[in-house]
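Visitor: Have a look at this one.
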Amino acid sequence: MKHGLTIWLLLLAGICFWQAGRLQRPLVQMRRDLHLSTGEPLENTPPLVAFTTVAMGGFCGVIADLLWLRASALQQDGKYFELVQLADWITKLEPRMKQVWAFHAWNMAYNISVLFNNPSDRWRWVRQGIMLLRDEGLRYNPGEPNLYRELGWIYQHKMSGNSDQMNVYYKRWWADEMARLFDGPRPDYQHLTASQIKVMKDVYKLDPVIMQQIDREYGPLDWRLPQAHAIYWAWRGKKVATGFDAVQLDRMIFQSMADAALEGELFINRAEQVFITGPNFAVFEKARKAYEKAIADNPGETSMQSGQRNFLRTAVMMLFTNNRLAEARNVFADLRHRYPSPEFNQGLDAFVYSSLTTLLHDISQREATGIVIGALQQSWFWLAMGDEDRAQGFQLMARTVWREYMKTRSAPEIAERAGLAPIEQLSEQARTMVKENLTTSEAKAKLVQPPQ
Amino acid sequence: MRKILAIAGIAIRSAIRSRVVVVLLALLLIAIIALPLTIKGDGTLTGAVQVLLRYTLGAVNIILSIATLWAGCAAIAAEVQEHQVQLLVTKPVTRAQLWLGKWLGLLALNAALLAVAGGVTYGLLHWHLNRQRLSAQDRTALREELLVARRVVNAELVSVEADAQRIFQEQLHSGAIPKEARQDQVLTAIRQTLLQQAHAVPPDLMLRQVFKVPRATTRPLVVRYKFTSSLTDKNPVACIWLAGAPERPDRFQRPEMAAPAGVHTLQIPASMVATDGTLTVDIANVNPEQLTMVFAPADGVQLLVYDSSFAANFSRSLLVMLGELAFLGALAVTMGSLFSLPVAALTTAYAVMLMNIGSYLQTLTQETFIIGSATAPGATPGLLDLGIHFLYVGLFWMTKPFQTASPLEPLAVGELVSWWWVGGVWWWQVVVAGGILAAAGTWIFNRRELGLPA
C-alpha cells in the first residue's frame with residue numbers, strides 16, 4: 001500500500017512535469033506577445049547555467065553583486081588569479097545582461113591587461129576578454145548586436161590599432177595562432193580538411209563560408225591580421241542589427257577596411273624574425289567603396305565623411321610613397337573633388353611634402369614603418385631603373401624619417417616596443433619586395449648596394 | 001575532566017553513528033577534488049596553484065562552518081527538544097561540564113576533518129605540481145614567490161605631525177578653515193595630504209624608503225610596489241630602482257618600465273641589507289614624458305622577506321581556521337543552550353553575518369545622519385539618527401575582535417600567516433570570547449527549566 005502510493009505520486013509528478021514542458025512553448029510565446037520580458041529566453045545553455053539562473057531566481061542579482069564587489073577588491077589589490085572565474089560566474093548569473101558580458105570582457109582586455117609589464121601577460125588578458133565574448137557571451141546572446149561590436153572592437157582597436165604600446169606583440173601572437181589554422185594570408189576555402197573546419201568553427205568560431213563571403217565582398221583580406229576579424233564579427237553582427245547598432249557596425253567595417261588597406265598585408269620571415277605589416281593595395285578600391293556605401297546608406301552621419309576624408313588623405317600618402325603614382329593621382333583627384341580645400345590646390349607633390357613635414361612632428365609607429373618601407377621601395381625601384389638621383393632622394397627621405405622617429409625612442413626598453421626595425425633590415429625587406437616585382441635580370445642585378 | 005571527555009566522546013560517537021562524519025568527509029573530498037577541475041584560473045601555473053589553495057580550503061572552511069553552526073546549535077537544543085538531555089542532567093555532571101563536553105566533541109571532530117582535508121589538499125597540490133613538466137625557472141618562481149611564507153614589511157612612515165599641526169594653526173589663524181568645519185577632520189585631511197606629498201615622485205626626482213628587515217636572511221628580498229601616475233593613460237613609466245646603503249659603490253640598480261596601477265615585484269640581493277638591519281630603497285622617476293608617480297603611503301612600496309616554509313605556513317593557516325571554527329562552535333553551543341534549534345541556528349547565522357561585514361559596519365559608524373540629512377553645515381542629528389548610529393557603533397565594536405581576515409588570502413600569495421596571528425585567534429576568539437560564551441551559556445543553561453511537559 002505504502003509503495004503503491006509512492007508509485008502513484010511519482011506518476012503524478014511525471015505527468016505534471018510533462019505537462020509543464022508542453023506549456024513552456026506557449027508561455028514563452030505569450031510572454032513575447034505581451035512584452036512581459038525584455039529579452040528572449042535563454043537558449044543553448046548548459047544545464048548548470050539553466051539551473052543556476054532558475055533556482056536562484058531573484059537572488060541571482062544579489063549574488064552577482066557580491067561577486068562583483070569581490071572582483072573589484074581583488075583587482076584593486078593586484079590579485080588577478082580569481083578574476084577569470086569571478087567574471088565567469090557573474091556573467092553566468094546574469095547571462096541575459098549584455099552589459100555584464102561587455103563590461104567584463106572590456107575589463108580584462110583593457111583594464112587588467114595594461115597593469116602588466118610583460119607583453120605575454122598582457123596578451124593573456126586580451127585573449128581572455130576575446131574568449132569571454134566569443135565563446136560564452138555570444139553563445140547565450142546570439143541575437144545581441146552590441147556584443148558583436150564589443151568583440152570586433154577588441155580586434156579593431158586593442159589589437160589592430162596602436163593605442164596599446166604592445167599592439168605589435170598581439171598582432172604577432174594572433175598571426176601565429178592563425179598560422180596554425182591555415183597557410184598563407186587566408187584559408188584555401190576549396191580544400192579545407194574536416195579537422196581544419198572543426199577547429200576554425202569550434203575554437204575560433206570562424207565559419208569558412210562566411211569568411212569566403214567576406215573575402216568576396218571586401219577582400220582579399222589577410223586573416224592573420226586582426227582587422228579581418230573585426231570585419232568578420234561586425235559582418236555577423238549586422239545580420240541581427242537594426243537602427244543605430246547597424247550604423248555602428250557599418251562604421252566598424254569601413255574603419256577596419258581602411259586599416260586593411262593601409263596595413264593589411266603581412267610579411268613574415270620567421271628565420272629572420274621579421275614581422276612587418278604593410279599596405280594591402282588589393283583592397284584599396286573596396287575600402288573606398290565601403291566608405292561610399294556607408295555614407296550613402298547613412299546620409300545624416302557627418303562623422304563618416306570625416307573618416308572618408310582622412311582615409312583618402314592617408315591613402316594618397318601611402319600610394320605615393322609606394323611608387324603607385326597613377327593611383328595616388330587618381331585618389332588625390334577624388335579627394336580634391338569631394339572635399340575642396342586650399343591645401344589641395346598646389347597639386348599632389350606639394351601636398352605630399354607638406355603632409356610629411358607635419359607627420360614628422362607626431363608620427364605613430366605604423367605610419368613611420370609605412371613611410372620608411374615605402375620610401376625604401378621607391379629608392380630600390382629607381383635604382384633598378386637607373387635613376388640614381390631619385391633613388392638617393394628616397395633613400396635620404398627614408399633615413400631621415402627613421403632617424404627622426406627613433407630620436408625619442410632610442411632607449412632599449414622603448415625601442416623594443418615602439419621602435420622601428422633597424423634601417424638595414426627594412427631596406428633589405430624593401431629590396432626583396434621590389435626584386436620580386438621586377439622581371440628582367442638586368443634590373444635585378446642593379447639591386448646590390450643601396451644608393452648612398 | 002573525565003566527565004567532560006566522556007560527554008565529548010559520546011558526542012563524537014553519536015556523530016559517527018549518525019553518518020554525519022562520513023557525509024561531511026565525502027563532501028569535503030568532493031570539494032577538494034572536484035573544485036579545481038571546474039574553476040577557471042588566469043591561465044598561468046601560479047594562478048592555478050592560487051586557485052587550488054584559495055578555493056579548496058575556502059570550500060572546506062564553508063562546509064565545516066555550516067556543519068559546525070548546525071551541529072553546535074543542535075548539540076544541546078535538539079537534546080532538550082527530544083528530552084534526551086533529561087537523562088544526562090540527572091547524572092552527576094554539571095551543566096558546565098555538559099557544555100564543555102559538547103563543545104570539545106565538536107572541536108575534536110572539526111580538528112580531525114580539517115586535518116584530513118588539509119592533508120589531501122597539500123598532497124593534491126604537490127601531485128599537481130609534480131605531474132607538470134616545469135622548467136627550472138618555473139620551479140624557482142613557485143618556490144620563491146608562492147610556496148613560501150614571506151613576511152610583509154612596510155617602509156618606515158615619514159612623520160608629518162609637526163608640519164600638519166603648523167599648517168593647521170596657520171590656516172586656523174588666517175580664517176581659512178570655516179567655523180562650521182570639524183577641526184579634527186581638517187587636521188586629518190592636512191595629514192593625509194602631507195603624507196601623500198611625501199610619497200609622490202615628481203619628474204626627475206627620487207623617493208627614499210627605508211625598511212627595517214626583521215631578521216638576517218640569505219634569500220633574495222622582494223620589493224612589491226604599486227603606484228598611480230599623474231597622467232591618465234596607462235602607458236608604462238620609466239623608473240630606476242636602487243637599493244642598499246647610498247654610499248655603497250656596488251648598490252643594486254634596476255631600470256624598470258612599470259604600468260601604473262599594476263602590482264609589480266623585483267628581487268634585491270640580501271647582501272644589500274645594511275649591518276644595522278635596514279634596507280634603503282630609492283625610486284627615481286626618469287620617464288621621458290613629464291609625470292608624477294604617486295605611491296600609497298601605507299603600502300605603496302613593501303618588502304617581502306623570507307620567514308618560513310610553505311608547509312609551516314599551511315599548518316598555521318589550518319590552525320587559524322580551526323580556532324575560528326572553535327569560536328563558531330562555542331557560539332552555536334551557547335545559542336543552542338539558550339534557544340530552540342531553529343532560533344539558535346538563525347541567531348548564530350545572523351551573528352556570523354555581522355562578523356563578516358565588518359568593513360561595511362565600519363563605514364556606517366562614520367555616518368551620523370542615517371535617516372535624516374544634514375540640512376545646513378553644523379546641523380545636529382536627530383534622536384533616531386543618534387540611536388541608530390550608536391547601534392552601529394556598538395555592533396562594530398562587539399564584532400571587531402572576530403573580524404579577522406581569512407588566512408587563505410596571504411597563504412595563496414606566499415605571505416606569512418604568523419604565530420602571532422594564530423595566537424591572536426586562539427587567545428581572543430577561543431579563550432576569551434569562548435570563555436565568556438561558556439560562562440554565559442552555562443549560567444543560562446543552569447537556570448533553564450528542562451523538565452517542562454511537552
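In the C-alpha cells, each chain is lettered A, B, ... as it comes, each chain's residues begin at 1, and ligands are numbered from 1 in order of appearance.
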Up to 6 Å from chain A, what residues of chain B turn up? Count only C-alpha atoms and give them as a PyMOL selection string.
Guide: chain B and resi 40-42+47+258-259+262-263
Visitor: Using only C-alpha atoms, please write the residues we just selected to a file, as a PDB file, in the first residue's frame.
Guide:
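Writing done, so here's out_22.pdb:
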```
ATOM      1  CA  LYS B  40      38.987  28.731 -14.259  1.00  0.00           C
ATOM      2  CA  GLY B  41      42.357  30.202 -13.391  1.00  0.00           C
ATOM      3  CA  ASP B  42      44.022  33.064 -15.216  1.00  0.00           C
ATOM      4  CA  GLY B  47      47.191  31.228 -10.910  1.00  0.00           C
ATOM      5  CA  ALA B 258      56.179  49.687 -14.926  1.00  0.00           C
ATOM      6  CA  ALA B 259      52.492  50.086 -15.707  1.00  0.00           C
ATOM      7  CA  GLY B 262      49.581  47.283 -11.611  1.00  0.00           C
ATOM      8  CA  VAL B 263      51.322  45.376  -8.824  1.00  0.00           C
TER       9      VAL B 263
END
```
Visitor: As an MDAnalysis selection string, please: all residues of stretch 221-398 of chain A that backbone DSSP puts in alpha helix (DSSP H).
Guide: chainID A and resid 226:238 243:263 284:297 302:321 325:338 348:359 365:384 388:398
Visitor: Using only C-alpha atoms, please write the residues we just selected to a file, as a compact mmCIF listing (two decimals), in the first residue's frame.
Guide:
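File produced: result.txt:
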```txt
# COMPACT_ATOMS: atom_id res chain seq x y z
CA PRO A 226 43.09 41.45 -36.54
CA GLN A 227 41.27 43.89 -38.83
CA ALA A 228 39.92 40.97 -40.89
CA HIS A 229 38.40 39.55 -37.71
CA ALA A 230 36.91 42.91 -36.76
CA ILE A 231 35.18 42.91 -40.16
CA TYR A 232 34.08 39.30 -39.63
CA TRP A 233 32.37 39.98 -36.29
CA ALA A 234 30.87 43.27 -37.47
CA TRP A 235 29.53 41.49 -40.54
CA ARG A 236 27.93 38.80 -38.37
CA GLY A 237 26.56 41.44 -36.01
CA LYS A 238 24.96 43.28 -38.92
CA GLY A 243 18.97 51.17 -36.30
CA PHE A 244 21.96 52.71 -34.58
CA ASP A 245 23.50 49.29 -33.86
CA ALA A 246 23.70 48.70 -37.61
CA VAL A 247 25.30 52.14 -38.12
CA GLN A 248 27.96 51.36 -35.54
CA LEU A 249 28.73 48.01 -37.15
CA ASP A 250 28.89 49.68 -40.57
CA ARG A 251 31.38 52.09 -39.11
CA MET A 252 33.46 49.24 -37.76
CA ILE A 253 33.53 47.62 -41.19
CA PHE A 254 34.72 50.64 -43.15
CA GLN A 255 37.21 51.68 -40.47
CA SER A 256 38.65 48.17 -40.47
CA MET A 257 38.65 48.21 -44.27
CA ALA A 258 40.72 51.38 -44.09
CA ASP A 259 43.08 49.61 -41.68
CA ALA A 260 43.25 46.63 -44.03
CA ALA A 261 44.09 48.90 -46.96
CA LEU A 262 46.76 50.82 -45.07
CA GLU A 263 48.41 47.94 -43.22
CA PHE A 284 42.13 49.90 -51.60
CA GLU A 285 39.27 50.20 -54.03
CA LYS A 286 36.95 48.12 -51.85
CA ALA A 287 37.79 50.27 -48.83
CA ARG A 288 36.87 53.36 -50.84
CA LYS A 289 33.62 51.73 -51.87
CA ALA A 290 32.87 50.68 -48.28
CA TYR A 291 33.08 54.36 -47.27
CA GLU A 292 30.92 55.44 -50.20
CA LYS A 293 28.28 52.82 -49.42
CA ALA A 294 28.19 53.67 -45.71
CA ILE A 295 27.84 57.41 -46.49
CA ALA A 296 25.07 56.72 -48.99
CA ASP A 297 23.28 54.45 -46.50
CA THR A 302 28.78 63.56 -40.95
CA SER A 303 31.47 61.71 -39.00
CA MET A 304 31.59 59.15 -41.80
CA GLN A 305 32.57 61.91 -44.24
CA SER A 306 35.37 62.99 -41.92
CA GLY A 307 36.52 59.38 -41.82
CA GLN A 308 36.45 59.15 -45.59
CA ARG A 309 38.43 62.37 -45.94
CA ASN A 310 41.12 61.12 -43.54
CA PHE A 311 41.29 57.78 -45.29
CA LEU A 312 41.72 59.37 -48.70
CA ARG A 313 44.45 61.66 -47.39
CA THR A 314 46.37 58.75 -45.89
CA ALA A 315 45.78 56.66 -49.00
CA VAL A 316 47.34 59.36 -51.19
CA MET A 317 50.42 59.37 -48.99
CA MET A 318 50.65 55.60 -48.90
CA LEU A 319 50.24 55.22 -52.66
CA PHE A 320 52.73 57.99 -53.37
CA THR A 321 55.39 56.62 -51.06
CA LEU A 325 51.85 57.43 -58.69
CA ALA A 326 48.95 56.92 -61.08
CA GLU A 327 46.72 55.58 -58.31
CA ALA A 328 47.90 58.33 -55.96
CA ARG A 329 46.88 60.97 -58.54
CA ASN A 330 43.53 59.31 -59.00
CA VAL A 331 42.77 59.23 -55.27
CA PHE A 332 44.08 62.77 -54.87
CA ALA A 333 41.73 63.99 -57.58
CA ASP A 334 38.86 62.26 -55.83
CA LEU A 335 39.88 63.87 -52.52
CA ARG A 336 40.00 67.35 -54.13
CA HIS A 337 36.67 66.80 -55.76
CA ARG A 338 34.87 65.59 -52.65
CA LEU A 348 49.99 66.23 -55.42
CA ASP A 349 53.72 66.79 -54.85
CA ALA A 350 53.23 69.85 -52.66
CA PHE A 351 50.54 68.11 -50.68
CA VAL A 352 52.77 65.09 -50.02
CA TYR A 353 55.70 67.24 -48.93
CA SER A 354 53.63 69.36 -46.54
CA SER A 355 51.92 66.27 -45.10
CA LEU A 356 55.26 64.58 -44.48
CA THR A 357 56.61 67.62 -42.68
CA THR A 358 53.55 67.69 -40.44
CA LEU A 359 53.66 63.96 -39.87
CA GLN A 365 54.95 53.51 -35.31
CA ARG A 366 52.62 52.25 -38.03
CA GLU A 367 52.89 55.42 -40.09
CA ALA A 368 56.65 55.58 -39.64
CA THR A 369 57.11 51.97 -40.80
CA GLY A 370 54.86 52.59 -43.78
CA ILE A 371 56.69 55.72 -44.83
CA VAL A 372 60.16 54.25 -44.34
CA ILE A 373 59.37 51.00 -46.21
CA GLY A 374 57.58 52.87 -48.97
CA ALA A 375 60.45 55.31 -49.42
CA LEU A 376 62.99 52.49 -49.42
CA GLN A 377 61.00 50.59 -52.05
CA GLN A 378 60.92 53.67 -54.21
CA SER A 379 64.62 54.07 -53.68
CA TRP A 380 65.38 50.49 -54.80
CA PHE A 381 62.93 50.77 -57.68
CA TRP A 382 64.55 53.89 -59.11
CA LEU A 383 67.96 52.37 -58.61
CA ALA A 384 66.88 49.39 -60.68
CA GLU A 388 70.29 57.19 -59.08
CA ASP A 389 69.31 60.74 -58.13
CA ARG A 390 65.75 59.83 -57.40
CA ALA A 391 66.87 56.63 -55.67
CA GLN A 392 69.15 58.66 -53.49
CA GLY A 393 66.34 61.13 -52.71
CA PHE A 394 64.04 58.41 -51.46
CA GLN A 395 66.88 56.77 -49.54
CA LEU A 396 67.52 60.09 -47.83
CA MET A 397 63.85 60.52 -47.05
CA ALA A 398 63.61 57.02 -45.54
```
Visitor: Tell me which of A:Glu301, A:Asp135, A:Asp202, A:Asp222 sits closest to A:Lys171, counting only C-alpha atoms.
Guide: A:Asp222
Visitor: Enumerate the residues of stretch 118-226 of chain B with a DSSP assignment of strand (DSSP E or B), computed from the backbone, and present them as an NGL selection string.
Guide: :B and (148-154 or 200-201 or 206-212 or 221-225)
Visitor: Given the choices A:Trp8, A:Leu133, A:Arg224, A:Val283, which gets closest to A:Trp153 if the distance is worked out from only C-alpha atoms?
Guide: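 Of A:Trp8, A:Leu133, A:Arg224, A:Val283, the one nearest A:Trp153, counting only C-alpha atoms, is A:Leu133.
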Visitor: Using only C-alpha atoms, find the one residue out of B:Leu69, B:Ala200, B:Leu147, B:Val273 that sits nearest to B:Tyr350.
Guide: B:Leu69
Visitor: Go ahead and compute the interatomic distance for atom CA of B:Ile240 and atom CA of A:Val126, in Å to one decimal.
Guide: 28.1 Å
Visitor: Taking only C-alpha atoms into account, which of B:Thr193, B:Thr292, B:Gln209, B:Gln50 comes nearest B:Cys239?
Guide: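 Answer, going by the shortest atom-to-atom distance: B:Thr292.
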Visitor: Check the smallest atom-to-atom distance from each of B:Arg151, B:Lys102, B:Arg166, B:His389 to B:Ala6 using only C-alpha atoms, then report the winner.
Guide: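 Of all the options, B:Lys102 lies closest to B:Ala6.
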Visitor: At what distance in Å, to one decimal, does atom CA of B:Thr442 lie from atom CA of B:Trp99?
Guide: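 Taking atom CA of B:Trp99 as the start and atom CA of B:Thr442 as the end point, the length is 6.7 Å.
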Visitor: Can you pull out every residue within 10 Å of B:Leu195, counting only C-alpha atoms, but drop anything in the same chain fewer than 6 positions away, and send it as a tab-separated table (two decimals) with N, CA and C atoms, in the first residue's frame?
Guide:
```tsv
chain	number	residue	atom	x	y	z
B	157	LEU	N	57.31	54.97	8.24
B	157	LEU	CA	56.47	56.09	7.82
B	157	LEU	C	57.13	57.43	8.13
B	158	VAL	N	57.02	58.33	7.20
B	158	VAL	CA	57.56	59.67	7.39
B	158	VAL	C	56.65	60.38	8.40
B	159	SER	N	57.24	61.08	9.37
B	159	SER	CA	56.41	61.80	10.33
B	159	SER	C	56.03	63.17	9.78
B	160	VAL	N	54.75	63.41	9.70
B	160	VAL	CA	54.29	64.70	9.15
B	160	VAL	C	53.53	65.48	10.22
B	161	GLU	N	53.57	64.97	11.47
B	161	GLU	CA	52.71	65.54	12.50
B	161	GLU	C	53.04	67.02	12.76
B	164	ALA	N	51.91	69.14	9.96
B	164	ALA	CA	50.44	69.17	9.90
B	164	ALA	C	49.90	70.15	10.94
B	189	ALA	N	42.74	65.67	7.21
B	189	ALA	CA	42.91	65.91	5.77
B	189	ALA	C	44.29	66.50	5.49
B	296	ALA	N	51.09	54.85	-2.57
B	296	ALA	CA	50.24	54.94	-1.37
B	296	ALA	C	51.14	54.95	-0.15
B	297	PRO	N	50.93	55.88	0.81
B	297	PRO	CA	51.84	55.97	1.95
B	297	PRO	C	51.92	54.66	2.75
B	298	ALA	N	50.80	53.98	2.92
B	298	ALA	CA	50.81	52.80	3.80
B	298	ALA	C	51.45	51.59	3.13
```
Visitor: What does the distance from atom CA of B:Gln86 to atom CA of B:Ile444 come to in Å, to one decimal?
Guide: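 So the answer is 16.4 Å.
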Visitor: Please identify all polymer residues within 12 Å of B:Leu205, counting only C-alpha atoms, omitting same-chain residues fewer than 2 positions from it, and present them as a ChimeraX atom specification.
Guide: /B:199-203,207-208,239-240,282-287,290-293
Visitor: Go ahead and write the selection's residues with C-alpha atoms as an mmCIF file, in the first residue's frame.
Guide:
```cif
data_model
loop_
_atom_site.group_PDB
_atom_site.id
_atom_site.type_symbol
_atom_site.label_atom_id
_atom_site.label_comp_id
_atom_site.auth_asym_id
_atom_site.auth_seq_id
_atom_site.Cartn_x
_atom_site.Cartn_y
_atom_site.Cartn_z
ATOM 1 C CA HIS B 199 55.226 59.649 -1.250
ATOM 2 C CA ALA B 200 54.985 61.376 -4.622
ATOM 3 C CA VAL B 201 57.905 61.291 -7.073
ATOM 4 C CA PRO B 202 57.848 64.314 -9.422
ATOM 5 C CA PRO B 203 59.714 64.175 -12.765
ATOM 6 C CA LEU B 207 61.707 58.898 -3.329
ATOM 7 C CA ARG B 208 63.564 57.186 -0.494
ATOM 8 C CA CYS B 239 61.855 54.460 -13.366
ATOM 9 C CA ILE B 240 65.090 53.311 -11.765
ATOM 10 C CA ASP B 282 65.355 54.742 -3.783
ATOM 11 C CA ILE B 283 62.928 55.155 -6.657
ATOM 12 C CA ALA B 284 63.900 57.619 -9.403
ATOM 13 C CA ASN B 285 61.314 58.893 -11.838
ATOM 14 C CA VAL B 286 63.122 59.074 -15.203
ATOM 15 C CA ASN B 287 60.161 58.887 -17.540
ATOM 16 C CA GLN B 290 56.840 64.538 -17.542
ATOM 17 C CA LEU B 291 54.634 62.866 -14.925
ATOM 18 C CA THR B 292 54.472 62.288 -11.199
ATOM 19 C CA MET B 293 54.466 58.812 -9.689
#
```
